[in-house]
>>> print(open('model_21.txt').read())   # compact mmCIF, C-alpha atoms
# COMPACT_ATOMS: atom_id res chain seq x y z
CA MET Q 5 -124.81 -73.28 136.25
CA HIS Q 6 -124.35 -76.48 138.27
CA VAL Q 7 -121.89 -79.16 137.15
CA MET Q 8 -124.59 -81.86 137.43
CA ASN Q 9 -126.78 -79.88 135.03
CA LEU Q 10 -123.94 -80.04 132.50
CA VAL Q 11 -123.50 -83.79 132.95
CA SER Q 12 -127.25 -84.40 132.62
CA LEU Q 13 -127.49 -82.10 129.61
CA LEU Q 14 -124.64 -83.84 127.77
CA LEU Q 15 -126.23 -87.24 128.35
CA ALA Q 16 -129.62 -85.90 127.22
CA LEU Q 17 -128.07 -84.48 124.03
CA VAL Q 18 -126.50 -87.85 123.23
CA ILE Q 19 -129.75 -89.75 123.87
CA ASP Q 20 -131.74 -87.31 121.72
CA ARG Q 21 -129.19 -87.52 118.90
CA LEU Q 22 -129.22 -91.32 118.94
CA PHE Q 23 -132.93 -92.02 119.39
CA GLY Q 24 -134.92 -88.85 118.70
CA ASP Q 25 -138.70 -89.23 119.06
CA PRO Q 26 -139.49 -92.90 118.33
CA ASP Q 27 -142.98 -93.34 116.90
CA TRP Q 28 -143.54 -96.62 118.73
CA LEU Q 29 -143.25 -94.82 122.06
CA TRP Q 30 -145.31 -91.70 121.36
CA LYS Q 31 -148.10 -93.74 119.77
CA ARG Q 32 -148.57 -95.38 123.17
CA ILE Q 33 -148.11 -92.43 125.50
CA PRO Q 34 -148.57 -88.69 124.87
CA HIS Q 35 -145.45 -86.62 124.31
CA PRO Q 36 -145.00 -83.89 126.98
CA VAL Q 37 -145.22 -81.15 124.35
CA ARG Q 38 -148.49 -82.65 123.14
CA LEU Q 39 -149.78 -82.49 126.71
CA PHE Q 40 -148.76 -78.82 126.87
CA GLY Q 41 -150.65 -78.22 123.64
CA LEU Q 42 -153.75 -80.01 124.88
CA GLY Q 43 -153.79 -77.91 128.04
CA ILE Q 44 -153.31 -74.66 126.15
CA GLY Q 45 -156.00 -75.61 123.65
CA TYR Q 46 -158.42 -76.56 126.43
CA VAL Q 47 -158.08 -73.15 128.08
CA GLU Q 48 -158.31 -71.30 124.78
CA ARG Q 49 -161.50 -73.09 123.67
CA ARG Q 50 -163.22 -72.26 126.96
CA CYS Q 51 -162.10 -68.67 127.08
CA ILE Q 52 -165.21 -66.64 126.28
CA ARG Q 53 -163.19 -63.47 125.88
CA CYS Q 54 -159.63 -64.23 124.89
CA ARG Q 55 -158.20 -61.00 126.22
CA ARG Q 56 -154.75 -60.15 127.48
CA PRO Q 57 -155.43 -60.86 131.21
CA ALA Q 58 -156.64 -64.38 130.35
CA GLY Q 59 -153.53 -65.00 128.28
CA ILE Q 60 -151.29 -63.73 131.06
CA MET Q 61 -153.01 -66.02 133.56
CA LEU Q 62 -152.61 -69.01 131.22
CA VAL Q 63 -148.90 -68.44 130.74
CA ALA Q 64 -148.21 -67.56 134.37
CA GLY Q 65 -150.16 -70.56 135.64
CA GLY Q 66 -148.50 -72.96 133.23
CA CYS Q 67 -145.01 -71.68 134.01
CA ALA Q 68 -145.56 -71.77 137.78
CA GLY Q 69 -147.06 -75.25 137.67
CA LEU Q 70 -144.31 -76.73 135.50
CA PHE Q 71 -141.56 -75.05 137.49
CA ALA Q 72 -143.04 -76.66 140.61
CA VAL Q 73 -143.21 -80.05 138.86
CA GLY Q 74 -139.56 -79.75 137.90
CA ARG Q 75 -138.59 -78.98 141.48
CA LEU Q 76 -140.68 -81.89 142.81
CA VAL Q 77 -139.03 -84.35 140.43
CA ALA Q 78 -135.68 -83.45 141.99
CA GLU Q 79 -136.95 -84.85 145.30
CA VAL Q 80 -137.98 -88.32 144.08
CA PRO Q 81 -135.69 -91.40 144.02
CA GLY Q 82 -133.78 -91.68 140.76
CA ALA Q 83 -134.32 -87.99 140.04
CA ALA Q 84 -131.14 -87.68 137.96
CA VAL Q 85 -132.22 -90.43 135.56
CA ILE Q 86 -135.72 -88.95 135.24
CA GLU Q 87 -134.30 -85.49 134.53
CA ILE Q 88 -131.95 -86.83 131.84
CA LEU Q 89 -134.72 -88.78 130.10
CA LEU Q 90 -137.18 -85.88 130.24
CA ALA Q 91 -134.57 -83.45 128.95
CA SER Q 92 -133.75 -85.79 126.06
CA VAL Q 93 -137.45 -85.93 125.18
CA LEU Q 94 -137.71 -82.13 125.22
CA LEU Q 95 -134.70 -81.68 122.94
CA ALA Q 96 -135.50 -81.93 119.25
CA HIS Q 97 -132.29 -82.19 117.23
CA ARG Q 98 -132.83 -85.67 115.80
CA SER Q 99 -136.49 -84.91 115.12
CA LEU Q 100 -135.55 -81.66 113.37
CA VAL Q 101 -132.99 -83.39 111.17
CA ASP Q 102 -135.44 -86.14 110.23
CA HIS Q 103 -138.23 -83.70 109.36
CA VAL Q 104 -136.00 -81.38 107.32
CA GLU Q 105 -134.41 -84.27 105.44
CA ALA Q 106 -137.93 -85.52 104.65
CA VAL Q 107 -138.51 -82.32 102.66
CA ALA Q 108 -135.49 -83.02 100.46
CA ASP Q 109 -136.66 -86.61 100.01
CA GLY Q 110 -140.15 -85.37 99.13
CA LEU Q 111 -138.85 -82.96 96.51
CA ALA Q 112 -136.91 -85.84 94.97
CA VAL Q 113 -140.26 -87.53 94.36
CA ASP Q 114 -142.40 -84.58 93.22
CA LEU Q 115 -143.48 -81.08 94.20
CA ARG Q 116 -146.60 -82.28 96.01
CA SER Q 117 -144.57 -84.57 98.27
CA GLY Q 118 -142.17 -81.72 99.01
CA ARG Q 119 -145.04 -79.40 99.94
CA GLU Q 120 -146.59 -82.03 102.21
CA ALA Q 121 -143.28 -82.57 103.99
CA VAL Q 122 -142.51 -78.89 104.49
CA ALA Q 123 -146.06 -78.22 105.73
CA ARG Q 124 -145.20 -80.35 108.78
CA ILE Q 125 -142.46 -77.95 109.91
CA VAL Q 126 -143.58 -74.46 108.84
CA GLY Q 127 -146.60 -72.30 109.63
CA ARG Q 128 -146.74 -70.48 106.30
CA ASP Q 129 -149.02 -71.34 103.38
CA VAL Q 130 -147.34 -73.94 101.16
CA SER Q 131 -149.97 -74.63 98.49
CA ASP Q 132 -148.47 -72.13 96.03
CA LEU Q 133 -144.78 -72.77 96.74
CA ASP Q 134 -142.62 -73.83 93.82
CA PRO Q 135 -139.66 -76.23 94.37
CA GLU Q 136 -137.35 -73.32 95.24
CA GLY Q 137 -139.90 -71.94 97.70
CA VAL Q 138 -140.26 -75.33 99.37
CA ALA Q 139 -136.49 -75.70 99.68
CA LYS Q 140 -136.08 -72.17 101.05
CA ALA Q 141 -138.79 -72.72 103.65
CA ALA Q 142 -137.06 -75.94 104.76
CA VAL Q 143 -133.67 -74.23 105.08
CA GLU Q 144 -135.16 -71.37 107.11
CA SER Q 145 -137.05 -73.79 109.35
CA CYS Q 146 -133.88 -75.84 109.82
CA ALA Q 147 -132.03 -72.77 111.13
CA GLU Q 148 -134.82 -71.51 113.36
CA GLY Q 149 -135.61 -75.01 114.62
CA PHE Q 150 -132.01 -75.49 115.71
CA SER Q 151 -132.35 -72.38 117.86
CA ASP Q 152 -135.82 -73.13 119.27
CA GLY Q 153 -135.56 -76.90 119.49
CA VAL Q 154 -131.97 -77.43 120.55
CA VAL Q 155 -130.03 -74.40 121.74
CA ALA Q 156 -132.78 -72.72 123.79
CA PRO Q 157 -133.82 -75.90 125.66
CA CYS Q 158 -130.14 -76.62 126.34
CA PHE Q 159 -129.58 -73.10 127.60
CA TRP Q 160 -132.48 -73.16 130.05
CA PHE Q 161 -131.66 -76.65 131.29
CA ALA Q 162 -128.05 -75.59 131.89
CA VAL Q 163 -129.21 -72.50 133.81
CA LEU Q 164 -132.20 -73.84 135.77
CA GLY Q 165 -132.21 -77.60 135.32
CA LEU Q 166 -135.42 -79.50 134.61
CA PRO Q 167 -137.72 -76.61 135.72
CA GLY Q 168 -136.01 -74.37 133.18
CA ILE Q 169 -136.48 -76.64 130.18
CA LEU Q 170 -140.09 -77.46 131.15
CA VAL Q 171 -141.01 -73.78 131.40
CA TYR Q 172 -139.24 -72.96 128.13
CA LYS Q 173 -140.97 -75.72 126.17
CA PHE Q 174 -144.36 -74.72 127.57
CA VAL Q 175 -143.86 -71.07 126.59
CA ASN Q 176 -142.52 -72.01 123.17
CA THR Q 177 -145.51 -74.31 122.58
CA ALA Q 178 -147.91 -71.58 123.69
CA ASP Q 179 -146.26 -69.09 121.33
CA SER Q 180 -146.57 -71.50 118.40
CA MET Q 181 -150.29 -71.95 119.14
CA ILE Q 182 -151.53 -68.53 120.22
CA GLY Q 183 -148.65 -66.10 119.69
CA TYR Q 184 -150.05 -64.66 116.47
CA ARG Q 185 -150.85 -61.05 115.61
CA ASN Q 186 -154.26 -61.74 114.12
CA GLU Q 187 -157.54 -60.53 115.56
CA ARG Q 188 -158.17 -63.58 117.77
CA TYR Q 189 -154.73 -63.94 119.32
CA ARG Q 190 -153.26 -60.43 119.32
CA GLU Q 191 -154.30 -59.88 122.94
CA PHE Q 192 -154.73 -63.44 124.23
CA GLY Q 193 -151.33 -64.55 122.91
CA TRP Q 194 -149.47 -61.37 123.90
CA ALA Q 195 -147.91 -62.84 127.05
CA ALA Q 196 -146.85 -66.06 125.33
CA ALA Q 197 -145.27 -64.18 122.42
CA ARG Q 198 -143.44 -61.64 124.58
CA LEU Q 199 -142.14 -64.23 127.05
CA ASP Q 200 -141.03 -66.47 124.19
CA ASP Q 201 -139.11 -63.51 122.73
CA LEU Q 202 -137.42 -62.97 126.09
CA LEU Q 203 -136.53 -66.63 126.67
CA ASN Q 204 -135.09 -66.97 123.15
CA TRP Q 205 -133.11 -63.73 123.14
CA ILE Q 206 -129.78 -65.20 124.29
CA PRO Q 207 -130.21 -68.69 122.74
CA ALA Q 208 -130.97 -67.26 119.27
CA ARG Q 209 -127.68 -65.39 119.28
CA ILE Q 210 -125.80 -68.44 120.53
CA ALA Q 211 -127.40 -70.50 117.74
CA ALA Q 212 -126.31 -67.95 115.16
CA LEU Q 213 -122.76 -68.09 116.51
CA LEU Q 214 -122.72 -71.90 116.38
CA ILE Q 215 -124.02 -71.96 112.79
CA ALA Q 216 -121.51 -69.29 111.78
CA VAL Q 217 -118.62 -71.24 113.31
CA SER Q 218 -119.83 -74.46 111.67
CA GLY Q 219 -119.73 -72.71 108.30
CA SER Q 220 -116.46 -70.85 108.94
CA GLU Q 221 -118.35 -67.55 108.69
CA LEU Q 222 -117.21 -66.02 111.98
CA GLY Q 223 -115.25 -63.37 110.10
CA GLY Q 224 -118.48 -62.17 108.49
CA PHE Q 225 -120.46 -62.03 111.70
CA ARG Q 226 -121.06 -58.29 111.29
CA GLN Q 227 -123.08 -59.02 108.16
CA ILE Q 228 -125.00 -61.70 110.02
CA VAL Q 229 -125.85 -59.23 112.77
CA ARG Q 230 -126.83 -56.59 110.21
CA ASP Q 231 -129.24 -58.87 108.36
CA ALA Q 232 -130.66 -60.36 111.57
CA GLY Q 233 -131.79 -56.88 112.53
CA THR Q 234 -133.95 -56.59 109.41
CA HIS Q 235 -136.16 -59.52 110.45
CA ASP Q 236 -139.52 -58.73 112.05
CA SER Q 237 -138.73 -61.13 114.90
CA PRO Q 238 -136.12 -60.11 117.50
CA ASN Q 239 -134.74 -63.66 117.45
CA ALA Q 240 -135.65 -65.71 114.37
CA GLY Q 241 -133.50 -63.58 112.10
CA TRP Q 242 -130.30 -64.53 113.91
CA PRO Q 243 -130.06 -68.24 113.04
CA GLU Q 244 -131.66 -67.64 109.64
CA SER Q 245 -129.16 -64.90 108.81
CA ALA Q 246 -126.28 -67.10 109.96
CA MET Q 247 -127.54 -69.92 107.73
CA ALA Q 248 -128.01 -67.55 104.78
CA HIS Q 249 -124.42 -66.31 104.99
CA SER Q 250 -123.04 -69.76 105.80
CA LEU Q 251 -124.53 -71.26 102.62
CA ASP Q 252 -124.41 -68.01 100.62
CA LEU Q 253 -128.16 -68.11 100.06
CA CYS Q 254 -130.75 -65.35 99.96
CA LEU Q 255 -133.29 -66.22 102.66
CA GLY Q 256 -136.36 -64.35 103.90
CA GLY Q 257 -138.54 -62.29 101.61
CA PRO Q 258 -142.33 -62.35 101.11
CA ARG Q 259 -144.39 -65.28 102.41
CA SER Q 260 -148.04 -66.01 103.09
CA TYR Q 261 -149.75 -66.85 106.39
CA GLY Q 262 -153.46 -67.62 106.38
CA GLY Q 263 -153.83 -66.05 102.98
CA ALA Q 264 -152.17 -62.78 104.02
CA THR Q 265 -148.80 -61.89 102.53
CA VAL Q 266 -146.05 -60.82 104.92
CA ASP Q 267 -143.23 -58.90 103.28
CA LEU Q 268 -140.00 -59.73 105.11
CA ALA Q 269 -136.58 -58.37 104.25
CA CYS Q 270 -134.11 -60.60 102.44
CA MET Q 271 -131.10 -61.80 104.40
CA ASN Q 272 -127.85 -61.97 102.43
CA ALA Q 273 -129.62 -60.30 99.51
CA GLY Q 274 -126.65 -60.92 97.21
CA GLY Q 275 -126.75 -64.66 97.85
CA ARG Q 276 -127.96 -67.38 95.54
CA ARG Q 277 -131.75 -67.56 95.04
CA ASN Q 278 -132.13 -70.82 93.11
CA ILE Q 279 -132.37 -72.91 96.28
CA SER Q 280 -132.74 -76.67 95.86
CA ALA Q 281 -132.92 -79.96 97.75
CA ALA Q 282 -129.11 -80.00 97.81
CA ASP Q 283 -129.19 -76.82 99.89
CA ILE Q 284 -131.55 -78.50 102.35
CA SER Q 285 -128.95 -81.23 102.82
CA ALA Q 286 -126.26 -78.58 103.23
CA ALA Q 287 -128.35 -76.82 105.89
CA VAL Q 288 -128.75 -80.11 107.77
CA ALA Q 289 -124.98 -80.62 107.60
CA ARG Q 290 -124.51 -77.15 109.12
CA ILE Q 291 -126.74 -77.82 112.12
CA GLU Q 292 -125.18 -81.26 112.59
CA SER Q 293 -121.79 -79.55 112.77
CA ALA Q 294 -123.20 -76.83 115.04
CA HIS Q 295 -124.62 -79.56 117.30
CA ARG Q 296 -121.17 -81.15 117.60
CA ILE Q 297 -119.65 -77.78 118.45
CA LEU Q 298 -122.31 -77.27 121.11
CA VAL Q 299 -121.54 -80.68 122.66
CA MET Q 300 -117.80 -80.00 122.61
CA THR Q 301 -118.35 -76.60 124.21
CA LEU Q 302 -120.40 -78.17 127.00
CA PHE Q 303 -117.68 -80.80 127.50
CA GLY Q 304 -115.16 -77.97 127.77
CA LEU Q 305 -117.29 -76.17 130.36
CA LEU Q 306 -117.66 -79.41 132.30
CA ALA Q 307 -113.92 -80.03 132.27
CA LEU Q 308 -113.28 -76.45 133.38
CA SER Q 309 -115.79 -76.85 136.19
CA LEU Q 310 -114.20 -80.06 137.42
CA VAL Q 311 -110.67 -78.72 137.24
CA SER Q 312 -111.44 -75.44 138.95
CA GLY Q 313 -113.88 -76.88 141.47
CA TRP Q 314 -116.63 -74.52 140.17
CA VAL Q 315 -119.96 -76.14 141.03
CA GLY Q 316 -122.35 -73.18 140.83
>>> encode(input="model_21.txt", output="structure tokens")
Amino acid sequence: MHVMNLVSLLLALVIDRLFGDPDWLWKRIPHPVRLFGLGIGYVERRCIRCRRPAGIMLVAGGCAGLFAVGRLVAEVPGAAVIEILLASVLLAHRSLVDHVEAVADGLAVDLRSGREAVARIVGRDVSDLDPEGVAKAAVESCAEGFSDGVVAPCFWFAVLGLPGILVYKFVNTADSMIGYRNERYREFGWAAARLDDLLNWIPARIAALLIAVSGSELGGFRQIVRDAGTHDSPNAGWPESAMAHSLDLCLGGPRSYGGATVDLACMNAGGRRNISAADISAAVARIESAHRILVMTLFGLLALSLVSGWVG
């Protein structure tokens, strides 16, 4: 971990928190993640047989290319400024907060508005969700989004700089598009899904720790670990379990994807089940607090690095 990566990361976190993803900008130029998605979609549409080797080649080629781009950027004049701005674009804390809060605002209007808002941040079927189901989906997405959209990009930027965050966001985008276990993507998306699991393994646990600390639930971390292990994902259960225990809610349980019901275990099964828009706001407050703890931790690491002369 280089001290300049920490400085750049802190500045990127501040820029993202202040400005997020302004519509006026991304209506004029394509967002990098959108470009990743266009490239992945282009390959997938032209893949006659979407088998595992093709998926491996897609992921390997994308990762190698973006890692090289990240290294090349470091050689151009003003590289530090470019890296900070790109990193701020690839972080998603402000965007996550805005989208999750929109669900609470939608529910305040009517159920249809709440469903429309939550459909923008979850992959599950929302047409049959009642108000409690909409609120629960938003809380779960808030927790997982903090891990995927904030902690993991931060982690890989801190470790590998711009190449690290570019590769992570590409893999995470690929997983969200083709990392499904259905007939079409089970083989083609295998590499994206497995690599995404690997890249999120440490960040998901850090995110759970940050959420637990923000909710003063560190003493109950054993229960968080226990419930995280019941999730079908090796990573998603960690931040969701931490949020469930932090707010004393029962999260998880059955949900529908593409018309097929997936029966997931409940996390914090003894927690409250009548989840509402107020709990969405509470979940946002938790990740806001966790974000501040993350920033303070990075400041502490930076200070330690400067005092000790540790530069990598």
>>> atom_distance(input="model_21.txt", atom1="CA of Leu164 (chain Q)", atom2="CA of Leu305 (chain Q)")
16.0 Å
>>> residues_near_point(input="model_21.txt", point="(-136.8, -74.6, 118.7)", cutoff="12 Å", atoms="all atoms listed in the file", output="ChimeraX atom specification")
/Q:94-97,99-100,125-126,145-159,169,172-177,179-180,200,203-204,207-208,211,239-240,243
>>> write_last_selection(input="model_21.txt", atoms="C-alpha atoms", output="JSON list (two decimals), in the coordinates of the input")
[["chain", "number", "residue", "atom", "x", "y", "z"],
["Q", 94, "LEU", "CA", -137.71, -82.13, 125.22],
["Q", 95, "LEU", "CA", -134.70, -81.68, 122.94],
["Q", 96, "ALA", "CA", -135.50, -81.93, 119.25],
["Q", 97, "HIS", "CA", -132.29, -82.19, 117.23],
["Q", 99, "SER", "CA", -136.49, -84.91, 115.12],
["Q", 100, "LEU", "CA", -135.55, -81.66, 113.37],
["Q", 125, "ILE", "CA", -142.46, -77.95, 109.91],
["Q", 126, "VAL", "CA", -143.58, -74.46, 108.84],
["Q", 145, "SER", "CA", -137.05, -73.79, 109.35],
["Q", 146, "CYS", "CA", -133.88, -75.84, 109.82],
["Q", 147, "ALA", "CA", -132.03, -72.77, 111.13],
["Q", 148, "GLU", "CA", -134.82, -71.51, 113.36],
["Q", 149, "GLY", "CA", -135.61, -75.01, 114.62],
["Q", 150, "PHE", "CA", -132.01, -75.49, 115.71],
["Q", 151, "SER", "CA", -132.35, -72.38, 117.86],
["Q", 152, "ASP", "CA", -135.82, -73.13, 119.27],
["Q", 153, "GLY", "CA", -135.56, -76.90, 119.49],
["Q", 154, "VAL", "CA", -131.97, -77.43, 120.55],
["Q", 155, "VAL", "CA", -130.03, -74.40, 121.74],
["Q", 156, "ALA", "CA", -132.78, -72.72, 123.79],
["Q", 157, "PRO", "CA", -133.82, -75.90, 125.66],
["Q", 158, "CYS", "CA", -130.14, -76.62, 126.34],
["Q", 159, "PHE", "CA", -129.58, -73.10, 127.60],
["Q", 169, "ILE", "CA", -136.48, -76.64, 130.18],
["Q", 172, "TYR", "CA", -139.24, -72.96, 128.13],
["Q", 173, "LYS", "CA", -140.97, -75.72, 126.17],
["Q", 174, "PHE", "CA", -144.36, -74.72, 127.57],
["Q", 175, "VAL", "CA", -143.86, -71.07, 126.59],
["Q", 176, "ASN", "CA", -142.52, -72.01, 123.17],
["Q", 177, "THR", "CA", -145.51, -74.31, 122.58],
["Q", 179, "ASP", "CA", -146.26, -69.09, 121.33],
["Q", 180, "SER", "CA", -146.57, -71.50, 118.40],
["Q", 200, "ASP", "CA", -141.03, -66.47, 124.19],
["Q", 203, "LEU", "CA", -136.53, -66.63, 126.67],
["Q", 204, "ASN", "CA", -135.09, -66.97, 123.15],
["Q", 207, "PRO", "CA", -130.21, -68.69, 122.74],
["Q", 208, "ALA", "CA", -130.97, -67.26, 119.27],
["Q", 211, "ALA", "CA", -127.40, -70.50, 117.74],
["Q", 239, "ASN", "CA", -134.74, -63.66, 117.45],
["Q", 240, "ALA", "CA", -135.65, -65.71, 114.37],
["Q", 243, "PRO", "CA", -130.06, -68.24, 113.04]]
>>> closest_residue(input="model_21.txt", among="Q:Gly165, Q:Val93, Q:Asn272, Q:Val113", to="Arg38 (chain Q)", atoms="all atoms listed in the file")
Q:Val93
>>> atom_distance(input="model_21.txt", atom1="CA of Ala195 (chain Q)", atom2="CA of Val63 (chain Q)")
6.8 Å
>>> atom_distance(input="model_21.txt", atom1="CA of Gly41 (chain Q)", atom2="CA of Ile182 (chain Q)")
10.3 Å
>>> residues_near_point(input="model_21.txt", point="(-144.7, -84.2, 106.1)", cutoff="10 Å", atoms="only C-alpha atoms", output="ChimeraX atom specification")
/Q:103-104,106-107,110,117-125
>>> residues_around(input="model_21.txt", residues="Ile291 (chain Q)", least_positions_apart="3", cutoff="9 Å", atoms="all atoms listed in the file", output="VMD selection string")
chain Q and resid 97 101 146 to 147 150 214 to 215 218 286 to 288 294 to 296
>>> closest_residue(input="model_21.txt", among="Q:Cys51, Q:Ile60, Q:Val80, Q:Val171", to="Val37 (chain Q)", atoms="all atoms listed in the file")
Q:Val171
>>> closest_residue(input="model_21.txt", among="Q:Pro81, Q:Leu199, Q:Phe161, Q:Tyr46", to="Ala64 (chain Q)", atoms="only C-alpha atoms")
Q:Leu199
>>> closest_residue(input="model_21.txt", among="Q:Val73, Q:Leu39, Q:Val163, Q:Ala91", to="Asp20 (chain Q)", atoms="all atoms listed in the file")
Q:Ala91
>>> closest_residue(input="model_21.txt", among="Q:Ala196, Q:Cys270, Q:Ile210, Q:Ala178", to="Arg230 (chain Q)", atoms="only C-alpha atoms")
Q:Cys270
>>> residues_around(input="model_21.txt", residues="Ala139 (chain Q)", least_positions_apart="2", cutoff="8 Å", atoms="only C-alpha atoms", output="list in words")
Val107, Ala108, Pro135, Glu136, Gly137, Ala141, Ala142, Val143, Ile279, Ser280, Ala281, Asp283 and Ile284 of chain Q
>>> residues_around(input="model_21.txt", residues="Leu255 (chain Q)", least_positions_apart="5", cutoff="8 Å", atoms="all atoms listed in the file", output="number ranges by chain")
Q: 140, 144, 244-245, 248, 270-273, 277
>>> closest_residue(input="model_21.txt", among="Q:Phe71, Q:Ile33, Q:Phe192, Q:Leu170", to="Val47 (chain Q)", atoms="all atoms listed in the file")
Q:Phe192
>>> decode(input="model_21.txt", residues="region 158-172 of chain Q", atoms="N, CA and C atoms", output="mmCIF file, in the first residue's frame")
data_model
loop_
_atom_site.group_PDB
_atom_site.id
_atom_site.type_symbol
_atom_site.label_atom_id
_atom_site.label_comp_id
_atom_site.auth_asym_id
_atom_site.auth_seq_id
_atom_site.Cartn_x
_atom_site.Cartn_y
_atom_site.Cartn_z
ATOM 1 N N CYS Q 158 -12.490 0.875 -2.870
ATOM 2 C CA CYS Q 158 -11.469 1.501 -2.020
ATOM 3 C C CYS Q 158 -10.324 0.530 -1.742
ATOM 4 N N PHE Q 159 -10.683 -0.689 -1.412
ATOM 5 C CA PHE Q 159 -9.677 -1.689 -1.066
ATOM 6 C C PHE Q 159 -8.715 -1.913 -2.227
ATOM 7 N N TRP Q 160 -9.266 -2.097 -3.429
ATOM 8 C CA TRP Q 160 -8.401 -2.418 -4.563
ATOM 9 C C TRP Q 160 -7.635 -1.209 -5.072
ATOM 10 N N PHE Q 161 -8.172 0.000 -4.856
ATOM 11 C CA PHE Q 161 -7.386 1.180 -5.186
ATOM 12 C C PHE Q 161 -6.238 1.333 -4.193
ATOM 13 N N ALA Q 162 -6.513 1.092 -2.918
ATOM 14 C CA ALA Q 162 -5.461 1.207 -1.906
ATOM 15 C C ALA Q 162 -4.343 0.201 -2.151
ATOM 16 N N VAL Q 163 -4.687 -0.990 -2.633
ATOM 17 C CA VAL Q 163 -3.698 -2.052 -2.837
ATOM 18 C C VAL Q 163 -2.947 -1.877 -4.152
ATOM 19 N N LEU Q 164 -3.681 -1.583 -5.243
ATOM 20 C CA LEU Q 164 -3.065 -1.587 -6.571
ATOM 21 C C LEU Q 164 -3.211 -0.270 -7.335
ATOM 22 N N GLY Q 165 -3.773 0.750 -6.706
ATOM 23 C CA GLY Q 165 -3.935 2.010 -7.393
ATOM 24 C C GLY Q 165 -5.016 1.948 -8.456
ATOM 25 N N LEU Q 166 -4.918 2.829 -9.460
ATOM 26 C CA LEU Q 166 -5.935 2.900 -10.506
ATOM 27 C C LEU Q 166 -6.146 1.568 -11.232
ATOM 28 N N PRO Q 167 -5.088 0.801 -11.566
ATOM 29 C CA PRO Q 167 -5.340 -0.501 -12.211
ATOM 30 C C PRO Q 167 -6.234 -1.401 -11.367
ATOM 31 N N GLY Q 168 -6.057 -1.358 -10.055
ATOM 32 C CA GLY Q 168 -6.847 -2.214 -9.178
ATOM 33 C C GLY Q 168 -8.324 -1.887 -9.202
ATOM 34 N N ILE Q 169 -8.665 -0.598 -9.124
ATOM 35 C CA ILE Q 169 -10.077 -0.227 -9.093
ATOM 36 C C ILE Q 169 -10.728 -0.417 -10.461
ATOM 37 N N LEU Q 170 -9.973 -0.208 -11.555
ATOM 38 C CA LEU Q 170 -10.514 -0.450 -12.893
ATOM 39 C C LEU Q 170 -10.849 -1.925 -13.090
ATOM 40 N N VAL Q 171 -9.932 -2.793 -12.703
ATOM 41 C CA VAL Q 171 -10.158 -4.231 -12.849
ATOM 42 C C VAL Q 171 -11.339 -4.659 -11.989
ATOM 43 N N TYR Q 172 -11.388 -4.177 -10.741
ATOM 44 C CA TYR Q 172 -12.494 -4.572 -9.864
ATOM 45 C C TYR Q 172 -13.839 -4.170 -10.445
#
